[in-house]
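File shown here: structure.txt, holding compact mmCIF, C-alpha atoms (C1' of nucleotides).
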# COMPACT_ATOMS: atom_id res chain seq x y z
CA MET B 1 -6.03 -3.66 -0.90
CA LEU B 2 -4.85 -5.19 2.31
CA SER B 3 -1.18 -5.37 3.22
CA LYS B 4 0.71 -8.62 2.69
CA ALA B 5 0.96 -8.87 6.46
CA ALA B 6 -2.81 -8.80 6.81
CA GLU B 7 -3.30 -11.34 4.06
CA TYR B 8 -0.82 -13.74 5.63
CA ALA B 9 -2.42 -13.21 9.03
CA ILE B 10 -5.89 -14.07 7.77
CA ARG B 11 -4.73 -17.17 5.93
CA SER B 12 -2.67 -18.31 8.89
CA MET B 13 -5.47 -17.85 11.38
CA VAL B 14 -7.86 -19.91 9.29
CA TYR B 15 -5.28 -22.65 8.95
CA ILE B 16 -4.53 -22.68 12.67
CA TRP B 17 -8.22 -22.93 13.47
CA MET B 18 -8.73 -25.82 11.10
CA MET B 19 -5.78 -27.72 12.48
CA ASN B 20 -6.94 -27.09 16.02
CA GLN B 21 -10.20 -28.79 15.05
CA GLN B 22 -8.10 -31.85 14.33
CA GLY B 23 -6.37 -31.55 17.68
CA LYS B 24 -3.18 -30.18 16.18
CA ARG B 25 -1.22 -27.03 17.01
CA PRO B 26 0.81 -26.04 13.98
CA GLY B 27 4.09 -24.14 14.23
CA TYR B 28 4.85 -21.14 12.07
CA ARG B 29 7.01 -23.16 9.69
CA THR B 30 4.18 -25.52 8.91
CA ILE B 31 1.72 -22.66 8.71
CA ALA B 32 3.89 -20.74 6.26
CA THR B 33 4.30 -23.77 4.05
CA GLU B 34 0.61 -24.57 4.09
CA VAL B 35 -0.72 -21.10 3.44
CA GLY B 36 2.07 -20.18 1.05
CA SER B 37 3.64 -17.29 2.93
CA PRO B 38 7.27 -16.44 3.74
CA GLU B 39 8.31 -18.34 6.84
CA HIS B 40 9.95 -15.69 8.99
CA PHE B 41 7.60 -12.95 7.99
CA THR B 42 4.74 -15.21 8.96
CA ALA B 43 6.35 -15.70 12.35
CA LYS B 44 6.37 -11.92 12.80
CA VAL B 45 2.79 -11.61 11.76
CA LEU B 46 1.78 -14.32 14.20
CA GLN B 47 3.63 -12.50 16.95
CA THR B 48 1.36 -9.58 16.28
CA MET B 49 -1.62 -11.90 16.52
CA THR B 50 -0.52 -13.26 19.89
CA ARG B 51 0.31 -9.82 21.24
CA HIS B 52 -3.24 -8.82 20.42
CA ASN B 53 -4.47 -12.00 22.07
CA LEU B 54 -6.21 -13.16 18.94
CA VAL B 55 -4.40 -16.49 19.16
CA LYS B 56 -2.25 -18.28 21.70
CA ALA B 57 1.26 -19.60 21.20
CA GLY B 58 2.78 -22.49 23.09
CA LYS B 59 6.55 -22.76 23.32
CA GLY B 60 8.63 -25.89 23.43
CA ARG B 61 7.84 -29.43 22.45
CA GLY B 62 4.21 -29.89 21.56
CA GLY B 63 3.88 -26.13 21.24
CA GLY B 64 2.50 -24.17 18.33
CA PHE B 65 -0.43 -21.89 17.76
CA TYR B 66 -3.94 -22.46 19.01
CA PHE B 67 -7.21 -20.78 19.84
CA GLU B 68 -8.10 -20.71 23.50
CA HIS B 69 -11.79 -20.40 22.67
CA PRO B 70 -12.20 -21.85 19.19
CA GLU B 71 -15.97 -21.60 19.46
CA GLU B 72 -15.86 -17.79 19.76
CA GLU B 73 -16.26 -16.30 16.32
CA LEU B 74 -13.28 -14.21 15.27
CA ALA B 75 -14.02 -11.60 12.61
CA VAL B 76 -11.53 -10.74 9.90
CA PHE B 77 -12.12 -7.19 11.08
CA GLU B 78 -10.19 -7.90 14.28
CA ILE B 79 -7.28 -9.41 12.38
CA ILE B 80 -7.01 -6.44 10.04
CA LYS B 81 -7.22 -4.00 12.94
CA ALA B 82 -4.44 -5.81 14.79
CA ILE B 83 -2.13 -5.64 11.77
CA ASP B 84 -2.97 -2.39 9.99
CA GLY B 85 -4.95 -0.48 12.57
CA GLU B 86 -8.13 1.39 11.78
CA LYS B 87 -6.83 3.22 8.73
CA PHE B 88 -8.77 1.07 6.28
CA PHE B 89 -12.00 1.98 7.95
CA SER B 90 -11.50 5.72 8.07
CA SER B 91 -9.28 6.45 5.06
CA CYS B 92 -10.12 8.99 2.39
CA ALA B 93 -9.80 8.23 -1.32
CA PHE B 94 -8.80 11.82 -1.97
CA GLY B 95 -6.03 11.72 0.62
CA PHE B 96 -7.49 14.05 3.23
CA GLU B 97 -6.22 13.47 6.73
CA ASN B 98 -9.54 14.32 8.29
CA CYS B 99 -12.24 13.80 5.77
CA ASN B 100 -15.71 13.91 7.26
CA CYS B 101 -19.23 15.08 6.66
CA SER B 102 -18.54 18.62 7.81
CA ASN B 103 -15.43 19.05 5.67
CA PRO B 104 -15.71 16.41 2.97
CA CYS B 105 -13.56 15.69 -0.04
CA PRO B 106 -15.44 15.49 -3.35
CA MET B 107 -15.65 11.71 -3.11
CA HIS B 108 -16.54 11.48 0.54
CA ASP B 109 -20.17 10.41 0.38
CA GLU B 110 -19.65 7.80 -2.29
CA PHE B 111 -16.43 6.45 -0.84
CA LYS B 112 -17.94 6.21 2.60
CA LEU B 113 -20.54 3.82 1.22
CA VAL B 114 -17.82 1.58 -0.22
CA ARG B 115 -15.83 1.74 2.99
CA ASP B 116 -18.79 0.92 5.18
CA ASN B 117 -19.59 -1.91 2.84
CA PHE B 118 -16.11 -3.24 3.36
CA SER B 119 -16.35 -2.85 7.13
CA GLU B 120 -19.61 -4.79 7.21
CA MET B 121 -18.01 -7.49 5.12
CA VAL B 122 -15.00 -8.03 7.35
CA ILE B 123 -17.14 -7.92 10.45
CA LYS B 124 -19.44 -10.57 9.00
CA ILE B 125 -16.71 -12.88 7.71
CA THR B 126 -15.07 -14.88 10.47
CA VAL B 127 -12.26 -17.39 10.75
CA GLN B 128 -14.95 -20.00 11.36
CA SER B 129 -17.06 -19.09 8.35
CA MET B 130 -14.01 -19.22 6.11
CA ALA B 131 -12.89 -22.53 7.55
CA ALA B 132 -16.37 -23.90 6.90
CA LYS B 133 -16.11 -22.95 3.23
CA ILE B 134 -12.73 -24.59 2.90
CA MET B 135 -13.85 -27.73 4.67
CA ASN B 136 -16.91 -28.15 2.50
CA GLY B 137 -14.83 -27.58 -0.60
CA SER B 138 -16.41 -24.35 -1.77
CA ALA B 139 -13.19 -22.37 -1.30
CA SER B 140 -9.50 -23.03 -0.94
CA LEU B 141 -6.86 -21.90 1.52
CA ASN B 142 -3.88 -22.01 -0.76
CA GLN B 143 -4.02 -21.26 -4.41
CA ASN B 144 -1.10 -23.50 -5.29
CA LYS B 145 -3.07 -26.50 -4.09
CA ILE B 146 -5.44 -26.67 -6.99
CA VAL B 147 -6.54 -30.22 -7.50
CA SER B 148 -6.85 -30.35 -11.24
CA PRO B 149 -8.79 -33.38 -12.40
CA SER B 150 -7.12 -33.19 -15.80
CA ALA B 151 -3.57 -32.73 -14.61
CA THR B 152 -0.89 -34.47 -16.63
CA MET H 1 -6.61 2.57 -0.05
CA LEU H 2 -5.23 4.30 -3.08
CA SER H 3 -1.55 5.10 -3.47
CA LYS H 4 -0.31 8.59 -2.71
CA ALA H 5 0.45 8.95 -6.40
CA ALA H 6 -3.18 8.25 -7.29
CA GLU H 7 -4.46 10.66 -4.66
CA TYR H 8 -2.21 13.44 -5.89
CA ALA H 9 -3.19 12.70 -9.47
CA ILE H 10 -6.90 12.95 -8.75
CA ARG H 11 -6.54 16.19 -6.80
CA SER H 12 -4.28 17.69 -9.45
CA MET H 13 -6.59 16.81 -12.31
CA VAL H 14 -9.56 18.42 -10.61
CA TYR H 15 -7.54 21.54 -9.93
CA ILE H 16 -6.28 21.73 -13.51
CA TRP H 17 -9.80 21.37 -14.84
CA MET H 18 -11.12 24.13 -12.59
CA MET H 19 -8.34 26.50 -13.56
CA ASN H 20 -8.88 25.72 -17.24
CA GLN H 21 -12.48 26.86 -16.75
CA GLN H 22 -11.02 30.22 -15.77
CA GLY H 23 -8.81 30.23 -18.83
CA LYS H 24 -5.68 29.38 -16.87
CA ARG H 25 -3.14 26.61 -17.38
CA PRO H 26 -1.41 25.95 -14.07
CA GLY H 27 2.13 24.62 -13.81
CA TYR H 28 3.05 21.75 -11.52
CA ARG H 29 4.49 24.09 -8.91
CA THR H 30 1.21 25.92 -8.57
CA ILE H 31 -0.75 22.70 -8.69
CA ALA H 32 1.33 21.12 -5.92
CA THR H 33 0.91 24.18 -3.74
CA GLU H 34 -2.81 24.36 -4.30
CA VAL H 35 -3.65 20.70 -3.80
CA GLY H 36 -1.11 20.23 -1.02
CA SER H 37 1.16 17.66 -2.62
CA PRO H 38 4.97 17.41 -2.89
CA GLU H 39 6.11 19.49 -5.83
CA HIS H 40 8.47 17.19 -7.70
CA PHE H 41 6.48 14.07 -6.99
CA THR H 42 3.44 15.84 -8.39
CA ALA H 43 5.44 16.62 -11.52
CA LYS H 44 6.15 12.90 -11.92
CA VAL H 45 2.55 12.00 -11.41
CA LEU H 46 1.48 14.55 -14.00
CA GLN H 47 3.98 13.09 -16.45
CA THR H 48 2.13 9.81 -16.08
CA MET H 49 -1.12 11.62 -16.77
CA THR H 50 0.21 13.20 -19.96
CA ARG H 51 1.79 9.95 -21.13
CA HIS H 52 -1.64 8.36 -20.83
CA ASN H 53 -3.12 11.32 -22.66
CA LEU H 54 -5.45 12.15 -19.83
CA VAL H 55 -4.22 15.73 -19.82
CA LYS H 56 -2.05 17.89 -22.07
CA ALA H 57 1.09 19.78 -21.09
CA GLY H 58 2.40 22.90 -22.75
CA LYS H 59 6.06 23.81 -22.37
CA GLY H 60 7.60 27.24 -22.16
CA ARG H 61 6.10 30.59 -21.25
CA GLY H 62 2.35 30.42 -20.99
CA GLY H 63 2.62 26.66 -20.76
CA GLY H 64 1.19 24.41 -18.11
CA PHE H 65 -1.40 21.69 -17.94
CA TYR H 66 -4.75 21.69 -19.67
CA PHE H 67 -7.54 19.51 -20.96
CA GLU H 68 -7.88 19.33 -24.69
CA HIS H 69 -11.55 18.41 -24.42
CA PRO H 70 -12.69 19.73 -21.05
CA GLU H 71 -16.28 18.86 -21.84
CA GLU H 72 -15.51 15.12 -22.09
CA GLU H 73 -16.16 13.55 -18.73
CA LEU H 74 -13.05 11.97 -17.24
CA ALA H 75 -13.74 9.25 -14.69
CA VAL H 76 -11.55 8.75 -11.62
CA PHE H 77 -11.37 5.16 -12.83
CA GLU H 78 -9.15 6.25 -15.72
CA ILE H 79 -6.83 8.17 -13.45
CA ILE H 80 -6.42 5.26 -11.05
CA LYS H 81 -5.80 2.85 -13.92
CA ALA H 82 -3.12 5.13 -15.37
CA ILE H 83 -1.28 5.29 -12.05
CA ASP H 84 -1.81 1.94 -10.36
CA GLY H 85 -3.06 -0.24 -13.18
CA GLU H 86 -5.98 -2.61 -12.82
CA LYS H 87 -4.86 -4.24 -9.59
CA PHE H 88 -7.46 -2.47 -7.48
CA PHE H 89 -10.21 -3.88 -9.59
CA SER H 90 -9.10 -7.49 -9.60
CA SER H 91 -7.26 -7.88 -6.30
CA CYS H 92 -8.08 -10.54 -3.75
CA ALA H 93 -8.42 -9.80 -0.05
CA PHE H 94 -6.95 -13.18 0.80
CA GLY H 95 -3.91 -12.59 -1.38
CA PHE H 96 -4.56 -15.10 -4.14
CA GLU H 97 -2.91 -14.27 -7.43
CA ASN H 98 -5.79 -15.62 -9.42
CA CYS H 99 -8.88 -15.60 -7.32
CA ASN H 100 -12.02 -16.27 -9.31
CA CYS H 101 -15.36 -17.99 -9.21
CA SER H 102 -13.94 -21.37 -10.23
CA ASN H 103 -11.14 -21.31 -7.64
CA PRO H 104 -12.23 -18.78 -5.03
CA CYS H 105 -10.69 -17.78 -1.76
CA PRO H 106 -13.03 -17.91 1.26
CA MET H 107 -13.82 -14.20 0.94
CA HIS H 108 -14.20 -14.08 -2.81
CA ASP H 109 -17.95 -13.63 -3.19
CA GLU H 110 -18.25 -11.01 -0.50
CA PHE H 111 -15.12 -9.13 -1.49
CA LYS H 112 -16.12 -9.11 -5.12
CA LEU H 113 -19.24 -7.18 -4.15
CA VAL H 114 -17.17 -4.55 -2.37
CA ARG H 115 -14.71 -4.34 -5.23
CA ASP H 116 -17.43 -4.00 -7.84
CA ASN H 117 -19.00 -1.35 -5.68
CA PHE H 118 -15.74 0.54 -5.71
CA SER H 119 -15.37 0.16 -9.47
CA GLU H 120 -18.85 1.54 -10.04
CA MET H 121 -18.04 4.44 -7.79
CA VAL H 122 -14.86 5.48 -9.56
CA ILE H 123 -16.50 5.07 -12.94
CA LYS H 124 -19.37 7.28 -11.86
CA ILE H 125 -17.28 10.01 -10.23
CA THR H 126 -15.60 12.28 -12.75
CA VAL H 127 -13.24 15.21 -12.65
CA GLN H 128 -16.20 17.34 -13.67
CA SER H 129 -18.55 16.07 -10.98
CA MET H 130 -15.91 16.68 -8.34
CA ALA H 131 -15.15 20.15 -9.63
CA ALA H 132 -18.86 20.92 -9.49
CA LYS H 133 -18.99 19.98 -5.82
CA ILE H 134 -15.99 22.14 -5.04
CA MET H 135 -17.35 25.09 -6.98
CA ASN H 136 -20.73 24.96 -5.30
CA GLY H 137 -19.04 24.71 -1.90
CA SER H 138 -20.25 21.25 -0.95
CA ALA H 139 -16.70 19.83 -0.92
CA SER H 140 -13.14 21.10 -0.77
CA LEU H 141 -10.04 20.45 -2.80
CA ASN H 142 -7.49 21.03 -0.12
CA GLN H 143 -8.05 20.24 3.47
CA ASN H 144 -5.74 22.96 4.73
CA LYS H 145 -7.95 25.56 3.13
CA ILE H 146 -10.78 25.38 5.58
CA VAL H 147 -12.54 28.70 5.74
CA SER H 148 -13.52 28.83 9.34
CA PRO H 149 -16.13 31.51 10.03
CA SER H 150 -14.96 31.76 13.62
CA ALA H 151 -11.26 31.95 12.88
CA THR H 152 -9.25 34.25 15.08
C1' DA M 1 19.43 34.81 -31.71
C1' DG M 2 19.13 35.14 -26.74
C1' DA M 3 16.80 35.03 -22.38
C1' DA M 4 13.24 33.38 -19.66
C1' DT M 5 9.91 29.93 -18.64
C1' DT M 6 7.98 25.44 -18.17
C1' DA M 7 7.57 20.33 -18.69
C1' DA M 8 10.35 15.86 -19.36
C1' DG M 9 13.37 12.57 -17.81
C1' DG M 10 17.04 10.41 -15.37
C1' DA M 11 19.58 9.76 -11.14
C1' DC M 12 19.36 9.62 -6.50
C1' DA M 13 17.60 9.64 -1.53
C1' DA M 14 14.32 8.75 2.20
C1' DA M 15 10.66 6.14 4.11
C1' DT M 16 7.92 2.21 4.42
C1' DT M 17 6.82 -2.47 3.71
C1' DT M 18 8.27 -6.97 3.09
C1' DA M 19 11.43 -10.54 4.16
C1' DT M 20 15.49 -12.96 6.44
C1' DC M 21 18.64 -14.33 10.11
C1' DC M 22 20.22 -15.27 14.61
C1' DA M 23 20.62 -15.28 19.52
C1' DC M 24 17.52 -15.89 23.38
C1' DT M 25 13.78 -17.69 26.23
C1' DA M 26 10.32 -21.00 27.63
C1' DA M 27 8.49 -25.57 27.74
C1' DA M 28 8.56 -30.58 27.47
C1' DC M 29 10.69 -34.76 28.06
C1' DA M 30 14.17 -38.12 29.01
C1' DT F 1 19.81 -31.62 34.73
C1' DG F 2 20.53 -31.60 29.96
C1' DT F 3 18.73 -31.77 25.32
C1' DT F 4 15.46 -30.91 22.00
C1' DT F 5 11.63 -28.24 20.34
C1' DA F 6 9.19 -24.08 19.34
C1' DG F 7 7.99 -19.08 19.79
C1' DT F 8 10.13 -14.13 20.83
C1' DG F 9 12.58 -10.19 19.77
C1' DG F 10 16.22 -7.53 17.80
C1' DA F 11 19.13 -6.52 13.87
C1' DT F 12 19.55 -6.39 9.20
C1' DA F 13 18.53 -6.63 4.26
C1' DA F 14 15.74 -6.32 0.03
C1' DA F 15 12.02 -4.32 -2.44
C1' DT F 16 8.73 -0.88 -3.23
C1' DT F 17 6.82 3.56 -2.74
C1' DT F 18 7.42 8.20 -1.98
C1' DG F 19 9.98 12.27 -2.54
C1' DT F 20 14.00 15.38 -4.34
C1' DC F 21 17.38 17.31 -7.47
C1' DC F 22 19.41 18.50 -11.68
C1' DT F 23 20.07 18.61 -16.59
C1' DT F 24 17.81 18.79 -20.99
C1' DA F 25 14.28 19.93 -24.32
C1' DA F 26 10.65 22.72 -25.98
C1' DT F 27 8.24 27.06 -26.22
C1' DT F 28 7.43 32.04 -25.92
C1' DC F 29 8.76 36.70 -25.79
C1' DT F 30 11.96 40.40 -26.72

Can the structure from this file be put into structure tokens for me?
Amino acid sequence: MLSKAAEYAIRSMVYIWMMNQQGKRPGYRTIATEVGSPEHFTAKVLQTMTRHNLVKAGKGRGGGFYFEHPEEELAVFEIIKAIDGEKFFSSCAFGFENCNCSNPCPMHDEFKLVRDNFSEMVIKITVQSMAAKIMNGSASLNQNKIVSPSAT
Amino acid sequence: MLSKAAEYAIRSMVYIWMMNQQGKRPGYRTIATEVGSPEHFTAKVLQTMTRHNLVKAGKGRGGGFYFEHPEEELAVFEIIKAIDGEKFFSSCAFGFENCNCSNPCPMHDEFKLVRDNFSEMVIKITVQSMAAKIMNGSASLNQNKIVSPSAT
DNA sequence: AGAATTAAGGACAAATTTATCCACTAAACA
DNA sequence: TGTTTAGTGGATAAATTTGTCCTTAATTCT
């Protein structure tokens, strides 16, 4: 499971990208509200994003977050690495510090498959591909925003 | 990534099973030393195991931990569930509380594959299958116990 | 029964992650 | 230049996970 920080980062980045498409640069308050994350913690997480140059931040009036090159695909992989480092992609289910083929834990081979599977997934999924799903209605950005047709 | 508690639990259970095969019932002190986990925390983790009836504990002299039915395969799945609950098997990478096919997050389909992959893995891997690997030398129980042929 | 041994359980402490607050800086605009 | 707006960075707090300690209960052996 990803950390809360990583989850918020991913959601925020998708939201920023979508708003940029509409010519808007959302601030962290708006972002937090829209993706359903704690405001100040989201600000911190976005600082990490800007420090890693995954997104730009403009200060002052008319500022907010934006992608310098929105057409360049940004993989979830990069976001996770910026927040949590590489640990997800090299961790051992048995808890070995240095689990590898030459000194494997008893789950190494099998767990490596799962891990590599996960890596492939987060490399393949991008901010753009997620935004596309949200925009065509096949996925949502914020769970609290369910549009129930039979709501009272 | 699993919690430390889950990692220690898995390692401990394999160790207990292997010692039982030799007619021994290790105590938590021995277990902690042998699997390289913090002594008292390991005791706590083993309490969880006994409460879930995954292993038995005998008090007093000659006591220690043991499997009542060592021939019954015990999947890692059961150990993880006892420690961390089901969250690993239903969690959402995007952070949705209730992510499902009818209201999916933008990573749902892909992440579900990874998750199911992981579930299959931990159902397939058992205490016995891991012990077998350790006993035939194709895996180790404790990373610090590397037997280097060229050691000084 | 008494001593020794071993797990159980509760209280507590340290470390990490998650979350909040505030003073500061940079930018835009009047 | 001054005011407003918006991100930055440091300090702090709350919550959770990880780890320790100590007393009690159960069991065995003498």

- Please identify every residue of chain B that has at least one atom no more than 12 Å from any atom of chain F, counting all atoms listed in the file, and report them as a list in words. Arg25, Pro26, Gly27, Tyr28, Arg29, Thr30, His40, Thr42, Ala43, Lys44, Val45, Leu46, Gln47, Thr48, Thr50, Arg51, Lys56, Ala57, Gly58, Lys59, Gly60, Arg61, Gly62, Gly63, Gly64 and Phe65 of chain B

Export, as a PDB file, in the coordinates of the input, the selected residues with C-alpha atoms.
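Final output, out.pdb:
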ATOM      1  CA  ARG B  25      -1.220 -27.030  17.010  1.00  0.00           C
ATOM      2  CA  PRO B  26       0.810 -26.040  13.980  1.00  0.00           C
ATOM      3  CA  GLY B  27       4.090 -24.140  14.230  1.00  0.00           C
ATOM      4  CA  TYR B  28       4.850 -21.140  12.070  1.00  0.00           C
ATOM      5  CA  ARG B  29       7.010 -23.160   9.690  1.00  0.00           C
ATOM      6  CA  THR B  30       4.180 -25.520   8.910  1.00  0.00           C
ATOM      7  CA  HIS B  40       9.950 -15.690   8.990  1.00  0.00           C
ATOM      8  CA  THR B  42       4.740 -15.210   8.960  1.00  0.00           C
ATOM      9  CA  ALA B  43       6.350 -15.700  12.350  1.00  0.00           C
ATOM     10  CA  LYS B  44       6.370 -11.920  12.800  1.00  0.00           C
ATOM     11  CA  VAL B  45       2.790 -11.610  11.760  1.00  0.00           C
ATOM     12  CA  LEU B  46       1.780 -14.320  14.200  1.00  0.00           C
ATOM     13  CA  GLN B  47       3.630 -12.500  16.950  1.00  0.00           C
ATOM     14  CA  THR B  48       1.360  -9.580  16.280  1.00  0.00           C
ATOM     15  CA  THR B  50      -0.520 -13.260  19.890  1.00  0.00           C
ATOM     16  CA  ARG B  51       0.310  -9.820  21.240  1.00  0.00           C
ATOM     17  CA  LYS B  56      -2.250 -18.280  21.700  1.00  0.00           C
ATOM     18  CA  ALA B  57       1.260 -19.600  21.200  1.00  0.00           C
ATOM     19  CA  GLY B  58       2.780 -22.490  23.090  1.00  0.00           C
ATOM     20  CA  LYS B  59       6.550 -22.760  23.320  1.00  0.00           C
ATOM     21  CA  GLY B  60       8.630 -25.890  23.430  1.00  0.00           C
ATOM     22  CA  ARG B  61       7.840 -29.430  22.450  1.00  0.00           C
ATOM     23  CA  GLY B  62       4.210 -29.890  21.560  1.00  0.00           C
ATOM     24  CA  GLY B  63       3.880 -26.130  21.240  1.00  0.00           C
ATOM     25  CA  GLY B  64       2.500 -24.170  18.330  1.00  0.00           C
ATOM     26  CA  PHE B  65      -0.430 -21.890  17.760  1.00  0.00           C
TER      27      PHE B  65
END

- Query: How many Å separate CA of Thr126 in chain H from C1' of DA8 in chain M?
  - Reply: 27.0 Å

- Could you check how far CA of Ala93 in chain B sits from CA of Ala5 in chain H, in Å to one decimal? 11.5 Å

Can you build me a table of chain H residues sitting at most 7 Å from chain B, with the closest atom pair per residue and its distance in Å to one decimal, using all atoms listed in the file, sorted by chain and residue number, as CSV?
residue,atom,partner,partner_atom,distance
H:Met1,CA,B:Met1,CA,6.3
H:Leu2,CA,B:Ala93,CA,6.3
H:Glu7,CA,B:Phe94,CA,5.2
H:Arg11,CA,B:Phe94,CA,6.9
H:Phe88,CA,B:Met1,CA,6.8
H:Ser91,CA,B:Met1,CA,7.0
H:Ala93,CA,B:Leu2,CA,6.3
H:Phe94,CA,B:Glu7,CA,5.2
H:Gly95,CA,B:Glu7,CA,5.6
H:Phe96,CA,B:Gln143,CA,6.2
H:Asn103,CA,B:Ala139,CA,6.7
H:Pro104,CA,B:Ala139,CA,5.3
H:Cys105,CA,B:Ala139,CA,5.2
H:Pro106,CA,B:Met130,CA,5.1
H:Glu110,CA,B:Met121,CA,6.6
H:Val114,CA,B:Phe118,CA,6.0
H:Asn117,CA,B:Val114,CA,6.3
H:Phe118,CA,B:Val114,CA,6.0
H:Met121,CA,B:Glu110,CA,6.6
H:Met130,CA,B:Pro106,CA,5.2
H:Lys133,CA,B:Pro106,CA,6.2
H:Ile134,CA,B:Pro106,CA,6.9
H:Ala139,CA,B:Pro106,CA,5.1
H:Ser140,CA,B:Cys105,CA,5.5
H:Leu141,CA,B:Cys105,CA,6.5
H:Gln143,CA,B:Phe96,CA,6.2

- Provide the C1' of DA23 in chain M to CA of Pro38 in chain B distance in Å, to one decimal place. 20.7 Å

- Contact set, chain M to chain B: 10 Å, all atoms listed in the file, as number ranges by chain: M: 17-21, 25-29

- Query: So, counting only C-alpha atoms, which residue among B:Gln128, B:Lys24, B:Lys112, B:Gly137 is closest to Pro70 in chain B?
  - Reply: B:Gln128

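Every protein or nucleic acid residue with an atom no more than 8 Å from Tyr15 in chain B, counting all atoms listed in the file and leaving out same-chain residues fewer than 2 positions away, appears here: Arg11, Ser12, Met13, Trp17, Met18, Met19, Ile31, Glu34, Val35, Ala131 and Leu141 of chain B.
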
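Considering the residues B:Asn53, B:Thr33, B:Asn20, B:Asn100 and counting all atoms listed in the file, Ala82 in chain B has its shortest atom-to-atom contact with B:Asn53.
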